[in-house]
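Read the structure below first, then the notes.
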Amino acid sequence: CCGVLLLRNTVLPRMPLSVSPAEWDLPAEGVRFQATDGLWLAGWKVVAAPASPWILLCHGLGANRQDLLDVAVALFRADYNLLLFDFRAHGESQGAVTSFGWREQRDLEGALAFLGAQPEVPERPYGIFGISMGGAVAVMVAARDERLGAVAVDSPYSDLEESMAHHLKLLYRLPRTPFLLCATSAYRLRFGVWPRQMSPLAAISKISPRPVFIIQGGADPRMPVSEARALFDAAKEPKDLWVIEGTEHLGGLQADPHAYLVRLVRFFDSSLKR
């Protein structure tokens with residue numbers, strides 16, 4: 001049953017951390033803090049300049065915070081302070097189950113509370129950069145939390161239910177009817193909410209007047225470019241969409257690291273350093 005497939009995929013192999021920030025010349029401090037539902041999460045705090053803005057970095061499904069070290073280096077060199085952390089059931093954080101964006105919002109809320117409690121962190125808006133699932137979480141939390149003053153995301157899903165339908169067909173060659181109902185019902189039984197309640201598409205308009213920058217691979221089979229365009233259309237100004245032609249899921253950085261990082265830094269400079 002596709003419900004069994006879904007539940008199996010909520011318990012993923014945990015990718016270990018194998019790279020130290022010191023190997024990237026990042027002066028990172030290991031930190032632990034609680035999600036707003038109590039789970040303990042692990043992260044790195046990187047201070048470039050105490051008075052500079054802070055940016056939170058949110059990894060994707062099945063990865064961990066080391067996945068964003070290359071982005072972290074570019075932002076650190078641009079004088080941004082950083083918080084990278086592992087979502088629940090990833091990296092060194094507690095938890096055994098991922099919910100693809102529902103409970104992970106509690107993780108980001110906990111990261112925001114942690115930063116707000118640090119005496120050296122200035123009271124000014126934070127930036128956030130999230131990829132794939134982390135991007136979807138970033139949009140949904142930013143829609144209701146004005147502490148996030150600039151939102152950049154790479155390849156988020158626009159709606160979890162629609163993404164589930166797409167992946168049923170992509171990975172298992174299963175049609176939408178009747179298998180999507182089976183999968184969404186299993187999710188509802190497991191997490192107490194329907195997947196359609198995880199909808200960056202429904203949330204993104206609430207971020208304005210804070211800026212949104214959406215990055216998308218033009219040949220992404222997992223998160224089709226149509227989803228990014230729908231998110232962009234639903235967002236209000238200021239907003240920007242960058243479709244990187246010929247790249248697959250999260251492939252833009254690897255395709256042209258310099259162009260990718262320059263454009264990302266430029267977005268945060270124009271949004272947070274005004």
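A note on labels: chains of the structure tokens are A, B, ... as shown, every chain counts residues from 1, and ligands are counted from 1 in their shown order.
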
| task | Just list the residues in segment 55-256 of chain A DSSP gives strand (DSSP E) on the backbone, as a ChimeraX atom specification. | result | /A:55-58,81-85,126-131,148-154,212-217,239-244

Would you mind exporting the chosen residues as a PDB file, in the first residue's frame, restricted to C-alpha atoms?
ATOM      1  CA  ILE A  55      20.962  34.472   8.397  1.00  0.00           C
ATOM      2  CA  LEU A  56      19.499  31.044   9.205  1.00  0.00           C
ATOM      3  CA  LEU A  57      20.273  28.158   6.848  1.00  0.00           C
ATOM      4  CA  CYS A  58      17.805  25.264   6.430  1.00  0.00           C
ATOM      5  CA  ASN A  81      26.447  35.932  11.019  1.00  0.00           C
ATOM      6  CA  LEU A  82      24.977  32.471  10.561  1.00  0.00           C
ATOM      7  CA  LEU A  83      22.963  29.782  12.295  1.00  0.00           C
ATOM      8  CA  LEU A  84      22.984  26.365  10.648  1.00  0.00           C
ATOM      9  CA  PHE A  85      21.049  23.558  12.306  1.00  0.00           C
ATOM     10  CA  TYR A 126      17.056  37.919  10.122  1.00  0.00           C
ATOM     11  CA  GLY A 127      17.544  36.491   6.677  1.00  0.00           C
ATOM     12  CA  ILE A 128      16.771  32.887   5.859  1.00  0.00           C
ATOM     13  CA  PHE A 129      17.942  30.556   3.102  1.00  0.00           C
ATOM     14  CA  GLY A 130      16.326  27.149   2.706  1.00  0.00           C
ATOM     15  CA  ILE A 131      16.637  24.395   0.127  1.00  0.00           C
ATOM     16  CA  LEU A 148      12.397  36.802   9.060  1.00  0.00           C
ATOM     17  CA  GLY A 149      13.019  39.912   7.003  1.00  0.00           C
ATOM     18  CA  ALA A 150      14.355  38.380   3.769  1.00  0.00           C
ATOM     19  CA  VAL A 151      13.533  34.906   2.404  1.00  0.00           C
ATOM     20  CA  ALA A 152      15.617  33.078  -0.217  1.00  0.00           C
ATOM     21  CA  VAL A 153      14.679  29.524  -1.193  1.00  0.00           C
ATOM     22  CA  ASP A 154      15.938  26.982  -3.702  1.00  0.00           C
ATOM     23  CA  VAL A 212      11.333  36.809  -1.485  1.00  0.00           C
ATOM     24  CA  PHE A 213      13.907  35.269  -3.837  1.00  0.00           C
ATOM     25  CA  ILE A 214      13.023  31.917  -5.460  1.00  0.00           C
ATOM     26  CA  ILE A 215      15.709  29.832  -7.184  1.00  0.00           C
ATOM     27  CA  GLN A 216      14.710  26.868  -9.339  1.00  0.00           C
ATOM     28  CA  GLY A 217      16.364  24.362 -11.640  1.00  0.00           C
ATOM     29  CA  LYS A 239       9.959  39.250  -5.322  1.00  0.00           C
ATOM     30  CA  ASP A 240      12.388  37.653  -7.746  1.00  0.00           C
ATOM     31  CA  LEU A 241      12.509  34.317  -9.572  1.00  0.00           C
ATOM     32  CA  TRP A 242      15.691  32.838 -11.026  1.00  0.00           C
ATOM     33  CA  VAL A 243      15.199  29.731 -13.175  1.00  0.00           C
ATOM     34  CA  ILE A 244      18.600  28.156 -13.877  1.00  0.00           C
TER      35      ILE A 244
END

| request: Would you mind telling me which residue in A:Leu115, A:Leu168, A:Leu160, A:Ala234 lies nearest to Tyr187 of chain A when using only C-alpha atoms? | output: A:Leu160

Closest atom pairs, residues of segment 11-62 of chain A within 6 Å of segment 132-142 of chain A, only C-alpha atoms, as JSON lines:
{"residue": "A:Cys58", "atom": "CA", "partner": "A:Gly134", "partner_atom": "CA", "distance": 4.7}
{"residue": "A:His59", "atom": "CA", "partner": "A:Gly134", "partner_atom": "CA", "distance": 5.2}
{"residue": "A:Gly60", "atom": "CA", "partner": "A:Met133", "partner_atom": "CA", "distance": 4.9}
{"residue": "A:Leu61", "atom": "CA", "partner": "A:Met133", "partner_atom": "CA", "distance": 5.7}

| said: Please return, as a PyMOL selection string, all residues of segment 94-272 of chain A that DSSP assigns to helix (DSSP H, G or I) on the basis of the backbone. | reply: chain A and resi 104-116+133-142+160-172+176-191+195-197+200-206+225-234+252-255+257-272

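Comparing A:Ala111, A:Leu12, A:Leu253, A:Ala78 by their smallest distance to Phe267 of chain A, the closest is A:Ala78 (using only C-alpha atoms).
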
| query | atom CA of Pro221 of chain A and atom CA of Pro13 of chain A are how many Å apart? | reply | 22.5 Å

| Nearest to Gln66 of chain A by atom-to-atom distance, counting only C-alpha atoms, from A:Cys182, A:Ala28, A:Ala113, A:Val47 |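 Looking only at the distances to Gln66 of chain A, the closest residue turns out to be A:Ala28.
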